[in-house]
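As stored in start28.cif (mmCIF, C-alpha atoms):
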```
data_structure
loop_
_atom_site.label_atom_id
_atom_site.label_comp_id
_atom_site.auth_asym_id
_atom_site.auth_seq_id
_atom_site.Cartn_x
_atom_site.Cartn_y
_atom_site.Cartn_z
CA MET A 1 316.16 41.39 219.34
CA SER A 2 316.72 37.66 219.48
CA LYS A 3 315.77 34.91 221.90
CA LEU A 4 316.95 31.44 222.83
CA ILE A 5 314.71 28.39 222.58
CA ILE A 6 315.83 25.37 224.60
CA ASN A 7 314.38 21.87 224.54
CA GLY A 8 315.51 20.21 227.75
CA GLY A 9 316.54 16.64 228.43
CA ASN A 10 319.71 16.03 226.42
CA LYS A 11 322.95 14.87 227.98
CA LEU A 12 326.09 16.86 227.16
CA ASN A 13 329.13 15.17 225.63
CA GLY A 14 332.26 16.23 223.78
CA GLU A 15 335.15 18.70 223.90
CA LEU A 16 335.03 22.49 223.83
CA GLU A 17 337.67 25.23 223.61
CA ILE A 18 336.95 27.95 226.14
CA SER A 19 336.87 31.52 224.79
CA SER A 20 339.11 34.32 226.00
CA SER A 21 338.18 35.91 229.30
CA LYS A 22 335.80 38.85 229.16
CA ASN A 23 337.04 40.09 232.52
CA ALA A 24 340.65 39.92 231.32
CA TYR A 25 340.07 41.38 227.87
CA LEU A 26 338.15 44.47 229.03
CA PRO A 27 340.90 46.05 231.19
CA ILE A 28 343.52 44.96 228.66
CA ILE A 29 341.69 46.86 225.91
CA ALA A 30 341.56 49.86 228.23
CA GLY A 31 345.28 49.40 228.90
CA CYS A 32 345.99 49.91 225.21
CA ILE A 33 345.29 53.62 225.82
CA LEU A 34 348.70 53.76 227.51
CA ALA A 35 350.58 52.25 224.55
CA GLY A 36 352.64 54.32 222.15
CA GLY A 37 352.49 51.77 219.35
CA GLU A 38 350.34 49.10 217.74
CA VAL A 39 349.01 46.37 220.01
CA VAL A 40 347.87 42.97 218.72
CA LEU A 41 345.61 40.98 221.03
CA HIS A 42 345.08 37.34 220.09
CA ARG A 43 341.93 35.21 220.38
CA TYR A 44 339.56 38.18 220.37
CA PRO A 45 336.17 37.03 221.72
CA ASP A 46 332.81 37.96 220.20
CA TYR A 47 331.20 39.57 223.25
CA THR A 48 329.14 42.75 223.10
CA ASP A 49 331.07 44.09 226.13
CA THR A 50 334.43 43.85 224.36
CA ASP A 51 332.96 45.40 221.22
CA ASN A 52 331.59 48.27 223.31
CA MET A 53 335.00 48.82 224.90
CA CYS A 54 336.47 49.03 221.41
CA ASN A 55 333.86 51.68 220.59
CA ILE A 56 335.14 53.72 223.53
CA LEU A 57 338.70 53.55 222.20
CA THR A 58 337.50 54.52 218.74
CA HIS A 59 335.79 57.58 220.24
CA LEU A 60 339.07 58.53 221.92
CA GLY A 61 340.74 58.49 218.50
CA ALA A 62 342.21 54.99 218.42
CA ARG A 63 342.26 52.80 215.33
CA THR A 64 340.84 49.34 216.02
CA LYS A 65 340.26 46.46 213.63
CA LYS A 66 339.52 42.78 213.83
CA GLN A 67 341.96 40.70 211.80
CA ASP A 68 341.51 36.94 211.71
CA ASP A 69 341.11 36.05 215.41
CA CYS A 70 342.99 39.15 216.58
CA LEU A 71 342.14 42.66 217.69
CA VAL A 72 344.62 45.25 216.42
CA VAL A 73 344.66 48.53 218.37
CA ASN A 74 346.67 51.67 217.68
CA CYS A 75 346.39 54.47 220.25
CA GLU A 76 349.34 56.57 219.04
CA ASN A 77 347.18 59.52 217.98
CA LEU A 78 344.44 59.74 220.59
CA SER A 79 342.63 63.08 220.39
CA HIS A 80 339.92 62.86 223.06
CA TYR A 81 339.96 62.27 226.81
CA ASP A 82 336.23 61.89 227.44
CA ILE A 83 333.75 59.00 227.54
CA PRO A 84 330.20 60.22 226.85
CA THR A 85 327.13 58.83 228.57
CA GLU A 86 325.91 56.83 225.57
CA LEU A 87 329.16 54.81 225.56
CA ALA A 88 329.60 54.50 229.33
CA VAL A 89 326.11 53.22 230.15
CA VAL A 90 326.34 50.11 227.96
CA VAL A 91 329.38 48.60 229.65
CA ARG A 92 330.31 48.72 233.33
CA SER A 93 333.97 48.30 232.48
CA SER A 94 334.10 51.72 230.84
CA ILE A 95 335.36 52.85 234.25
CA PHE A 96 338.59 50.89 233.60
CA ALA A 97 339.47 53.47 230.98
CA LEU A 98 339.45 56.30 233.55
CA GLY A 99 342.82 55.46 235.09
CA ALA A 100 344.43 54.93 231.69
CA ILE A 101 343.04 58.20 230.27
CA VAL A 102 344.21 60.22 233.29
CA SER A 103 347.64 58.59 233.13
CA ARG A 104 347.92 59.34 229.39
CA PHE A 105 346.40 62.86 229.22
CA ARG A 106 346.62 64.00 232.86
CA LYS A 107 342.93 64.83 232.57
CA ALA A 108 339.65 63.02 231.90
CA LYS A 109 335.91 63.50 231.62
CA VAL A 110 334.07 60.21 232.04
CA ALA A 111 330.36 59.48 232.45
CA TYR A 112 329.27 57.15 235.23
CA PRO A 113 329.36 53.51 234.07
CA GLY A 114 326.39 51.24 233.39
CA GLY A 115 326.20 47.43 233.24
CA CYS A 116 323.98 44.70 234.65
CA GLU A 117 321.35 45.41 237.32
CA ILE A 118 322.93 43.43 240.15
CA GLY A 119 322.98 46.15 242.79
CA ALA A 120 325.02 49.18 243.74
CA ARG A 121 328.60 49.04 242.56
CA PRO A 122 330.11 52.25 243.90
CA ILE A 123 333.30 53.59 242.38
CA ASP A 124 334.39 55.45 245.51
CA ILE A 125 337.43 53.15 245.91
CA HIS A 126 338.54 54.03 242.36
CA LEU A 127 338.17 57.76 243.01
CA SER A 128 339.78 57.66 246.46
CA GLY A 129 342.84 55.97 244.97
CA LEU A 130 343.09 58.50 242.15
CA ARG A 131 342.88 61.34 244.67
CA GLN A 132 345.78 59.78 246.59
CA LEU A 133 347.74 59.86 243.32
CA GLY A 134 347.21 63.62 243.24
CA VAL A 135 344.24 63.72 240.87
CA LYS A 136 341.71 66.49 241.56
CA ILE A 137 338.20 65.14 240.97
CA VAL A 138 334.86 66.88 240.57
CA GLU A 139 331.62 64.90 240.18
CA ARG A 140 328.93 66.90 238.42
CA HIS A 141 325.95 66.35 236.09
CA GLY A 142 326.60 62.61 235.75
CA TYR A 143 330.27 63.03 234.84
CA ILE A 144 333.57 62.56 236.63
CA TYR A 145 336.02 65.38 235.83
CA CYS A 146 339.68 64.64 236.59
CA ASP A 147 342.66 67.00 236.68
CA GLY A 148 345.86 64.98 236.92
CA LYS A 149 348.50 67.61 236.19
CA ASP A 150 349.94 67.14 239.69
CA MET A 151 349.93 63.34 239.73
CA HIS A 152 352.54 61.66 241.90
CA SER A 153 353.34 58.23 243.23
CA ALA A 154 351.72 57.07 246.47
CA ASN A 155 351.12 54.23 248.91
CA ILE A 156 347.43 53.36 248.66
CA VAL A 157 345.44 51.02 250.90
CA LEU A 158 342.18 49.92 249.25
CA ASP A 159 339.20 49.89 251.62
CA PHE A 160 338.05 46.67 249.93
CA PRO A 161 339.89 44.35 247.51
CA SER A 162 337.94 45.61 244.50
CA VAL A 163 338.95 44.07 241.17
CA GLY A 164 338.06 47.17 239.16
CA ALA A 165 339.77 49.59 241.52
CA THR A 166 342.91 47.45 241.65
CA GLU A 167 343.12 47.36 237.85
CA ASN A 168 342.23 51.03 237.43
CA LEU A 169 344.89 52.20 239.88
CA MET A 170 347.48 49.91 238.29
CA MET A 171 346.88 51.61 234.94
CA ALA A 172 346.72 55.09 236.45
CA SER A 173 350.15 54.58 238.05
CA VAL A 174 352.03 53.16 235.06
CA LEU A 175 353.13 56.54 233.65
CA VAL A 176 353.54 58.30 237.02
CA LYS A 177 357.12 58.95 238.15
CA GLY A 178 358.27 57.01 241.19
CA GLU A 179 357.05 53.88 242.97
CA THR A 180 353.36 53.41 243.72
CA VAL A 181 352.34 50.60 246.07
CA LEU A 182 348.78 49.26 246.28
CA TYR A 183 347.76 47.35 249.42
CA ASN A 184 344.74 45.11 250.07
CA CYS A 185 344.52 44.38 246.35
CA ALA A 186 342.16 41.95 244.66
CA LYS A 187 343.94 38.73 243.63
CA GLU A 188 341.95 37.52 240.61
CA PRO A 189 343.79 35.83 237.71
CA GLU A 190 342.59 38.63 235.43
CA ILE A 191 344.64 41.12 237.46
CA VAL A 192 347.74 38.99 236.93
CA ASP A 193 346.91 38.95 233.22
CA LEU A 194 346.67 42.76 233.12
CA GLN A 195 350.05 43.02 234.85
CA ASN A 196 351.62 40.62 232.35
CA PHE A 197 350.11 42.53 229.43
CA LEU A 198 351.30 45.93 230.62
CA ASN A 199 354.77 44.55 231.36
CA THR A 200 354.89 43.21 227.79
CA LEU A 201 354.51 46.84 226.67
CA GLY A 202 357.29 48.09 228.95
CA ALA A 203 355.58 48.66 232.30
CA LYS A 204 357.28 47.67 235.55
CA ILE A 205 354.64 46.04 237.72
CA SER A 206 355.07 43.21 240.24
CA GLY A 207 352.97 41.48 242.86
CA ALA A 208 349.70 40.94 240.99
CA GLY A 209 347.92 37.92 242.44
CA THR A 210 348.90 38.98 245.97
CA ASP A 211 347.49 41.69 248.22
CA LYS A 212 350.41 44.04 247.44
CA ILE A 213 351.18 45.37 243.95
CA VAL A 214 354.18 47.59 243.18
CA ILE A 215 354.21 49.85 240.12
CA GLU A 216 357.46 51.56 239.15
CA GLY A 217 356.50 54.41 236.84
CA VAL A 218 357.94 54.57 233.33
CA LYS A 219 357.99 57.38 230.79
CA LYS A 220 356.09 55.54 228.06
CA LEU A 221 354.83 52.20 226.83
CA HIS A 222 355.43 50.71 223.40
CA GLY A 223 353.34 48.36 221.27
CA GLY A 224 353.38 44.60 221.37
CA GLU A 225 351.44 41.33 221.13
CA TYR A 226 349.59 39.48 223.85
CA THR A 227 347.22 36.53 224.33
CA PRO A 228 344.80 36.99 227.26
CA ILE A 229 343.74 34.07 229.44
CA ARG A 230 340.60 31.98 228.88
CA ASP A 231 337.32 32.68 230.62
CA ARG A 232 337.05 30.79 233.91
CA ILE A 233 333.40 31.84 234.38
CA ILE A 234 332.37 30.38 231.02
CA ALA A 235 334.25 27.20 231.90
CA GLY A 236 332.52 27.08 235.27
CA THR A 237 329.12 27.59 233.63
CA TYR A 238 329.66 24.64 231.30
CA MET A 239 330.97 22.48 234.14
CA ILE A 240 327.72 23.12 236.01
CA ALA A 241 325.74 22.49 232.82
CA CYS A 242 327.28 19.02 232.52
CA ALA A 243 326.69 18.34 236.21
CA MET A 244 323.00 19.19 235.72
CA CYS A 245 322.41 17.43 232.41
CA GLY A 246 324.69 14.44 232.84
CA GLY A 247 327.30 13.40 230.31
CA ASP A 248 331.03 13.63 229.70
CA VAL A 249 332.50 17.03 228.76
CA THR A 250 336.13 18.14 228.42
CA LEU A 251 336.84 21.89 228.52
CA LYS A 252 340.15 22.93 226.99
CA GLY A 253 342.41 25.93 227.46
CA VAL A 254 341.43 26.90 231.00
CA ASN A 255 343.64 26.65 234.09
CA PRO A 256 341.89 24.40 236.65
CA ALA A 257 343.56 26.30 239.51
CA PHE A 258 341.38 29.31 238.63
CA LEU A 259 338.28 27.23 239.40
CA HIS A 260 339.38 25.48 242.56
CA SER A 261 336.52 26.95 244.61
CA LEU A 262 333.93 25.52 242.18
CA ILE A 263 335.70 22.18 241.71
CA SER A 264 335.94 21.64 245.46
CA LYS A 265 332.17 22.26 245.75
CA ILE A 266 330.77 20.04 243.01
CA ASP A 267 333.35 17.25 242.63
CA ARG A 268 331.77 14.05 243.99
CA TYR A 269 328.58 15.89 245.00
CA ALA A 270 327.35 16.54 241.47
CA CYS A 271 329.95 15.02 239.14
CA GLN A 272 333.44 13.60 238.85
CA ILE A 273 336.14 16.05 237.78
CA THR A 274 339.56 15.25 236.33
CA CYS A 275 342.06 18.05 235.76
CA ASP A 276 345.12 18.46 233.54
CA TYR A 277 347.23 21.61 233.41
CA ASP A 278 344.89 23.22 230.84
CA LYS A 279 341.93 20.80 230.68
CA ILE A 280 338.97 19.99 232.88
CA ARG A 281 336.93 16.83 232.33
CA VAL A 282 333.46 16.60 233.88
CA GLN A 283 331.58 13.30 234.07
CA SER A 284 328.08 13.25 235.51
CA SER A 285 325.04 11.02 235.87
CA GLY A 286 322.83 14.09 236.13
CA LYS A 287 322.04 13.37 239.77
CA SER A 288 323.50 15.58 242.47
CA VAL A 289 323.42 16.11 246.22
CA ALA A 290 322.68 19.56 247.65
CA LEU A 291 325.77 21.44 248.82
CA GLY A 292 324.40 22.64 252.15
CA LYS A 293 325.82 26.15 251.97
CA VAL A 294 327.55 28.26 249.33
CA GLU A 295 328.86 31.75 250.11
CA THR A 296 330.30 34.11 247.52
CA ALA A 297 333.61 35.78 248.35
CA VAL A 298 336.50 37.60 246.75
CA TYR A 299 339.01 35.41 244.92
CA PRO A 300 340.05 32.71 245.71
CA GLY A 301 336.65 32.27 247.32
CA PHE A 302 333.53 31.21 245.46
CA PRO A 303 332.91 33.72 242.62
CA THR A 304 329.78 35.83 242.60
CA ASP A 305 329.75 35.38 238.81
CA LEU A 306 328.99 31.65 239.33
CA GLN A 307 326.42 32.11 242.07
CA ALA A 308 323.39 32.13 239.75
CA GLN A 309 324.61 29.00 237.97
CA ILE A 310 325.31 27.04 241.17
CA LEU A 311 321.86 28.08 242.39
CA ALA A 312 320.36 26.56 239.24
CA LEU A 313 322.17 23.29 240.01
CA GLN A 314 320.76 23.29 243.54
CA THR A 315 317.17 23.51 242.26
CA ILE A 316 317.44 19.89 241.04
CA SER A 317 319.81 18.55 243.72
CA SER A 318 318.69 16.16 246.44
CA GLY A 319 318.29 18.09 249.68
CA SER A 320 318.48 21.77 250.60
CA CYS A 321 321.10 24.47 250.15
CA MET A 322 321.64 27.99 251.45
CA ILE A 323 323.15 30.43 248.94
CA VAL A 324 324.66 33.55 250.54
CA GLU A 325 325.51 36.47 248.23
CA ASN A 326 328.08 38.60 250.04
CA LEU A 327 329.18 40.92 247.24
CA PHE A 328 326.02 42.30 245.57
CA GLU A 329 322.63 42.98 247.11
CA SER A 330 320.49 42.44 244.00
CA ARG A 331 321.83 39.25 242.47
CA PHE A 332 318.75 37.07 242.91
CA LYS A 333 316.58 38.72 240.26
CA HIS A 334 316.51 35.50 238.22
CA VAL A 335 314.93 33.57 241.11
CA PRO A 336 311.27 34.38 240.21
CA GLU A 337 311.93 32.96 236.73
CA LEU A 338 313.35 29.74 238.19
CA ILE A 339 310.30 29.50 240.45
CA LYS A 340 308.16 29.85 237.34
CA MET A 341 309.93 26.71 236.07
CA GLY A 342 309.03 24.78 239.23
CA ALA A 343 312.00 25.54 241.50
CA SER A 344 311.53 25.82 245.26
CA ILE A 345 313.44 28.92 246.39
CA HIS A 346 312.88 31.42 249.19
CA VAL A 347 314.88 34.67 249.23
CA LYS A 348 315.43 36.96 252.19
CA ASP A 349 317.86 39.83 251.79
CA ARG A 350 321.11 38.28 250.50
CA ILE A 351 320.22 34.66 251.29
CA ALA A 352 318.42 32.16 249.05
CA LEU A 353 317.15 28.89 250.51
CA VAL A 354 316.85 26.26 247.79
CA LYS A 355 315.09 22.91 248.16
CA GLY A 356 315.73 20.50 245.32
CA VAL A 357 312.78 19.31 243.23
CA ASP A 358 312.41 16.23 241.04
CA LYS A 359 312.15 18.20 237.84
CA LEU A 360 311.85 21.64 236.29
CA PHE A 361 309.41 22.57 233.54
CA GLY A 362 309.97 24.71 230.47
CA ALA A 363 308.60 28.26 230.53
CA ASP A 364 308.96 31.69 228.96
CA VAL A 365 311.59 33.47 231.05
CA MET A 366 313.69 36.61 231.04
CA ALA A 367 316.63 37.98 233.04
CA THR A 368 318.07 41.40 233.81
CA ASP A 369 321.74 40.45 234.02
CA LEU A 370 324.40 38.32 232.37
CA ARG A 371 324.83 35.51 234.91
CA GLY A 372 321.12 35.32 235.69
CA SER A 373 320.54 34.67 231.99
CA ALA A 374 323.11 31.86 232.09
CA SER A 375 321.35 30.23 235.04
CA LEU A 376 318.05 30.19 233.13
CA VAL A 377 319.75 28.59 230.13
CA LEU A 378 321.11 25.86 232.42
CA ALA A 379 317.68 25.32 233.92
CA GLY A 380 316.20 25.11 230.43
CA LEU A 381 318.69 22.40 229.47
CA VAL A 382 317.27 20.05 232.12
CA ALA A 383 313.63 21.21 232.14
CA GLU A 384 310.81 19.15 230.70
CA GLY A 385 309.66 20.76 227.45
CA TYR A 386 310.64 24.06 225.87
CA THR A 387 312.12 27.10 227.59
CA THR A 388 312.31 30.47 225.85
CA LEU A 389 314.75 33.11 227.10
CA SER A 390 313.14 36.24 225.75
CA SER A 391 316.22 38.42 225.22
CA THR A 392 319.86 37.59 224.54
CA LYS A 393 321.28 41.09 225.08
CA TYR A 394 322.56 40.23 228.55
CA ILE A 395 323.98 36.78 227.89
CA ASP A 396 325.76 38.05 224.75
CA ARG A 397 327.73 40.44 226.95
CA GLY A 398 329.89 37.58 228.22
CA TYR A 399 329.22 34.35 226.30
CA GLU A 400 330.38 33.81 222.75
CA HIS A 401 327.30 32.38 221.00
CA ILE A 402 326.25 30.21 223.93
CA GLU A 403 323.72 28.39 221.77
CA ARG A 404 326.44 27.30 219.35
CA GLU A 405 328.75 26.03 222.07
CA LEU A 406 326.06 24.11 223.95
CA SER A 407 324.79 22.66 220.66
CA LEU A 408 328.30 21.36 219.96
CA LEU A 409 328.02 19.45 223.24
CA GLY A 410 324.62 18.00 222.35
CA GLY A 411 322.25 20.55 223.88
CA ASP A 412 319.03 21.32 221.98
CA ILE A 413 319.22 25.11 221.90
CA LYS A 414 318.83 27.62 219.10
CA ARG A 415 318.65 31.35 218.56
CA VAL A 416 315.74 32.91 216.71
CA GLU A 417 315.04 36.51 215.79
CA ASP A 418 311.95 38.16 217.18
#
```

Structure translated into structure tokens:
Amino acid sequence: MSKLIINGGNKLNGELEISSSKNAYLPIIAGCILAGGEVVLHRYPDYTDTDNMCNILTHLGARTKKQDDCLVVNCENLSHYDIPTELAVVVRSSIFALGAIVSRFRKAKVAYPGGCEIGARPIDIHLSGLRQLGVKIVERHGYIYCDGKDMHSANIVLDFPSVGATENLMMASVLVKGETVLYNCAKEPEIVDLQNFLNTLGAKISGAGTDKIVIEGVKKLHGGEYTPIRDRIIAGTYMIACAMCGGDVTLKGVNPAFLHSLISKIDRYACQITCDYDKIRVQSSGKSVALGKVETAVYPGFPTDLQAQILALQTISSGSCMIVENLFESRFKHVPELIKMGASIHVKDRIALVKGVDKLFGADVMATDLRGSASLVLAGLVAEGYTTLSSTKYIDRGYEHIERELSLLGGDIKRVED
């Protein structure tokens, strides 16, 4: 176990390359299950979630290795079609492998997925879509048993534009004869990235990024090389960090269009933002005005994965703000820790009312999820004195050595072993 120790008060300055996207890399790794040859994925990020997804592929019989900054995956000789509980519980995105396994083997046995404690994340949309593709499903003893010997193409309307279900059903349909059409799809950039990756291997998918995706089934996929997109949530986290701390930070490699909902919120209210085609520059005095109201929504709305971080910004902004969490019912678990640091926050159901205070104070804090941990790090960067985040296991799921990157920008933060 390790912890982060943060001494608040430093401004942030400098340039930083943004790591590859966790939420793009995870389904892409799962998509390798469909490939009949070696796949080389560039800019492999050092997240525990991506490592755990690799462990799932290894269990299935794949050969995986890290080579320079690449992940090399060979799924030619897969021998298993199950994901046991001990592998599924450590990463929510293990469910992404279900569609790929069923498409490859026409059967699967997958334990229910784990992940952060941010509320119920039912997989009924995933299973409903698979059933419409002709998969017979039995849920028993904590496992999902799938029989896909009669799989066929279908027109599927998702009850909700779920990112995971959209990606899962895309992968499930790739090797199914005929044309499958998905309606009411999620539109996230990571879904477009998965489409582009699978098409690189020989899939025939179109429409990702819109609410209608068409998959023309093919007999097999081959190997290939691909470079996934950068992580827009990491970029957004560091944009908010600069807005809170003050300074001048340039983030490189990320598409500003992916962060329009955040930029439109904080530009001029908390900082000044200048965008190039793959760069975002944030300049801030460290003083911000409360945003009034922020509501999370499906893309291109404000991302739930930046809700905790924008809430941290509001704790030191002038005025009051209402944060409405529309996607998950338990995503305010970090709030008591922020209150411990001096924040003024009142939570009722899915609404947090935040009144800005003059300053926060360092404290010993802990979080139960990835983005909540990030918000406490941001609060620690501006707090008076030292803040200790007691466990890094959550933040390491989706940030590549956050202490190293923030230190490069001038933050006083270090990791120590318990």

Can you tell me, as JSON, numbers by chain, what residues are no more than 7 Å from Gly301 (chain A) when counting only C-alpha atoms, ignoring any on the same chain fewer than 4 positions away? {"A": [261, 296, 297]}

Just to be explicit: take each residue in the selection above, keep C-alpha atoms, and write the result as a JSON list (two decimals), in the coordinates of the input.
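Saved the output as part39.json:
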```
[["chain", "number", "residue", "atom", "x", "y", "z"],
["A", 261, "SER", "CA", 336.52, 26.95, 244.61],
["A", 296, "THR", "CA", 330.30, 34.11, 247.52],
["A", 297, "ALA", "CA", 333.61, 35.78, 248.35]]
```

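When you apply the PyMOL selection byres ((chain A and resi 272) around 10) to this structure, what comes back is Ala243, Asp248, Ile263, Ile266, Asp267, Arg268, Tyr269, Ala270, Cys271, Ile273, Thr274, Arg281, Val282, Gln283, Ser284 and Ser285 of chain A.
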
Just write the chosen residues, C-alpha atoms, as an mmCIF file, keeping the file's coordinate frame.
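Wrote it out as selection06.cif, contents follow:
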```cif
data_model
loop_
_atom_site.group_PDB
_atom_site.id
_atom_site.type_symbol
_atom_site.label_atom_id
_atom_site.label_comp_id
_atom_site.auth_asym_id
_atom_site.auth_seq_id
_atom_site.Cartn_x
_atom_site.Cartn_y
_atom_site.Cartn_z
ATOM 1 C CA ALA A 243 326.690 18.340 236.210
ATOM 2 C CA ASP A 248 331.030 13.630 229.700
ATOM 3 C CA ILE A 263 335.700 22.180 241.710
ATOM 4 C CA ILE A 266 330.770 20.040 243.010
ATOM 5 C CA ASP A 267 333.350 17.250 242.630
ATOM 6 C CA ARG A 268 331.770 14.050 243.990
ATOM 7 C CA TYR A 269 328.580 15.890 245.000
ATOM 8 C CA ALA A 270 327.350 16.540 241.470
ATOM 9 C CA CYS A 271 329.950 15.020 239.140
ATOM 10 C CA ILE A 273 336.140 16.050 237.780
ATOM 11 C CA THR A 274 339.560 15.250 236.330
ATOM 12 C CA ARG A 281 336.930 16.830 232.330
ATOM 13 C CA VAL A 282 333.460 16.600 233.880
ATOM 14 C CA GLN A 283 331.580 13.300 234.070
ATOM 15 C CA SER A 284 328.080 13.250 235.510
ATOM 16 C CA SER A 285 325.040 11.020 235.870
#
```

Could the residues of region 298-343 of chain A that have an atom at most 12 Å from region 205-224 of chain A be listed as a tab-separated table, each with its closest atom pair and the distance in Å to one decimal, counting only C-alpha atoms and ordered by chain and ascending residue number?
```
residue	atom	partner	partner_atom	distance
A:Val298	CA	A:Asp211	CA	11.8
A:Tyr299	CA	A:Gly209	CA	9.6
A:Pro300	CA	A:Gly209	CA	10.0
```

Gly37 (chain A): which residues within 7 Å, counting all atoms listed in the file, same-chain residues fewer than 2 positions away excluded, as a PyMOL selection string? chain A and resi 35+39+74-76+222-223

Ranking A:Cys70, A:Met322, A:Ala30, A:Leu130 by minimum distance to Phe96 (chain A) and counting only C-alpha atoms, which one comes first? A:Ala30

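Going from CA of Ala165 (chain A) to CA of Thr58 (chain A) covers 23.4 Å.
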
Could you state which residues are captured by the PyMOL selection byres ((chain A and resi 27) around 12) in this file, as a PyMOL selection string? chain A and resi 21-26+28-34+49-50+53-54+57+91-100+163-172+190-195+197-198+228

Using C-alpha atoms, can you export the residues from the last selection as a short mmCIF file (atom, residue, chain, number, x, y, z; two decimals), in the frame of the given file?
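Contents of out22.cif, as written:
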```cif
data_model
loop_
_atom_site.label_atom_id
_atom_site.label_comp_id
_atom_site.auth_asym_id
_atom_site.auth_seq_id
_atom_site.Cartn_x
_atom_site.Cartn_y
_atom_site.Cartn_z
CA SER A 21 338.18 35.91 229.30
CA LYS A 22 335.80 38.85 229.16
CA ASN A 23 337.04 40.09 232.52
CA ALA A 24 340.65 39.92 231.32
CA TYR A 25 340.07 41.38 227.87
CA LEU A 26 338.15 44.47 229.03
CA ILE A 28 343.52 44.96 228.66
CA ILE A 29 341.69 46.86 225.91
CA ALA A 30 341.56 49.86 228.23
CA GLY A 31 345.28 49.40 228.90
CA CYS A 32 345.99 49.91 225.21
CA ILE A 33 345.29 53.62 225.82
CA LEU A 34 348.70 53.76 227.51
CA ASP A 49 331.07 44.09 226.13
CA THR A 50 334.43 43.85 224.36
CA MET A 53 335.00 48.82 224.90
CA CYS A 54 336.47 49.03 221.41
CA LEU A 57 338.70 53.55 222.20
CA VAL A 91 329.38 48.60 229.65
CA ARG A 92 330.31 48.72 233.33
CA SER A 93 333.97 48.30 232.48
CA SER A 94 334.10 51.72 230.84
CA ILE A 95 335.36 52.85 234.25
CA PHE A 96 338.59 50.89 233.60
CA ALA A 97 339.47 53.47 230.98
CA LEU A 98 339.45 56.30 233.55
CA GLY A 99 342.82 55.46 235.09
CA ALA A 100 344.43 54.93 231.69
CA VAL A 163 338.95 44.07 241.17
CA GLY A 164 338.06 47.17 239.16
CA ALA A 165 339.77 49.59 241.52
CA THR A 166 342.91 47.45 241.65
CA GLU A 167 343.12 47.36 237.85
CA ASN A 168 342.23 51.03 237.43
CA LEU A 169 344.89 52.20 239.88
CA MET A 170 347.48 49.91 238.29
CA MET A 171 346.88 51.61 234.94
CA ALA A 172 346.72 55.09 236.45
CA GLU A 190 342.59 38.63 235.43
CA ILE A 191 344.64 41.12 237.46
CA VAL A 192 347.74 38.99 236.93
CA ASP A 193 346.91 38.95 233.22
CA LEU A 194 346.67 42.76 233.12
CA GLN A 195 350.05 43.02 234.85
CA PHE A 197 350.11 42.53 229.43
CA LEU A 198 351.30 45.93 230.62
CA PRO A 228 344.80 36.99 227.26
#
```

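The nearest approach to Ser320 (chain A) among the residues A:Lys149, A:Leu60, A:Glu179, A:Ala352, with only C-alpha atoms taken into account, belongs to A:Ala352.
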
Run the PyMOL selection byres ((chain A and resi 382) around 7) mentally over the shown coordinates, then write out the matched residues as a short mmCIF file (atom, residue, chain, number, x, y, z; two decimals) with C-alpha atoms, in the coordinates of the input, using the chain letters and numbers from the document.
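The resulting part-v3.cif:
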```
data_model
loop_
_atom_site.label_atom_id
_atom_site.label_comp_id
_atom_site.auth_asym_id
_atom_site.auth_seq_id
_atom_site.Cartn_x
_atom_site.Cartn_y
_atom_site.Cartn_z
CA GLY A 8 315.51 20.21 227.75
CA GLY A 9 316.54 16.64 228.43
CA MET A 244 323.00 19.19 235.72
CA CYS A 245 322.41 17.43 232.41
CA LEU A 378 321.11 25.86 232.42
CA ALA A 379 317.68 25.32 233.92
CA GLY A 380 316.20 25.11 230.43
CA LEU A 381 318.69 22.40 229.47
CA ALA A 383 313.63 21.21 232.14
CA GLU A 384 310.81 19.15 230.70
#
```

Contacts of Gly253 (chain A) at 12 Å (all atoms listed in the file; same-chain gap of 5+ positions) as number ranges by chain: A: 15-21, 43, 228-232, 234-235, 258, 275-281

Find, counting all atoms listed in the file, the residue in A:His42, A:Arg350, A:Lys3, A:Lys204 that gets nearest to Val365 (chain A). A:Lys3

Exercise: region 353-360 of chain A partners within 6 Å, all atoms listed in the file, chain neighbours under 4 positions left out, as a VMD selection string: chain A and resid 315 to 322 341 to 342 344 to 346 383
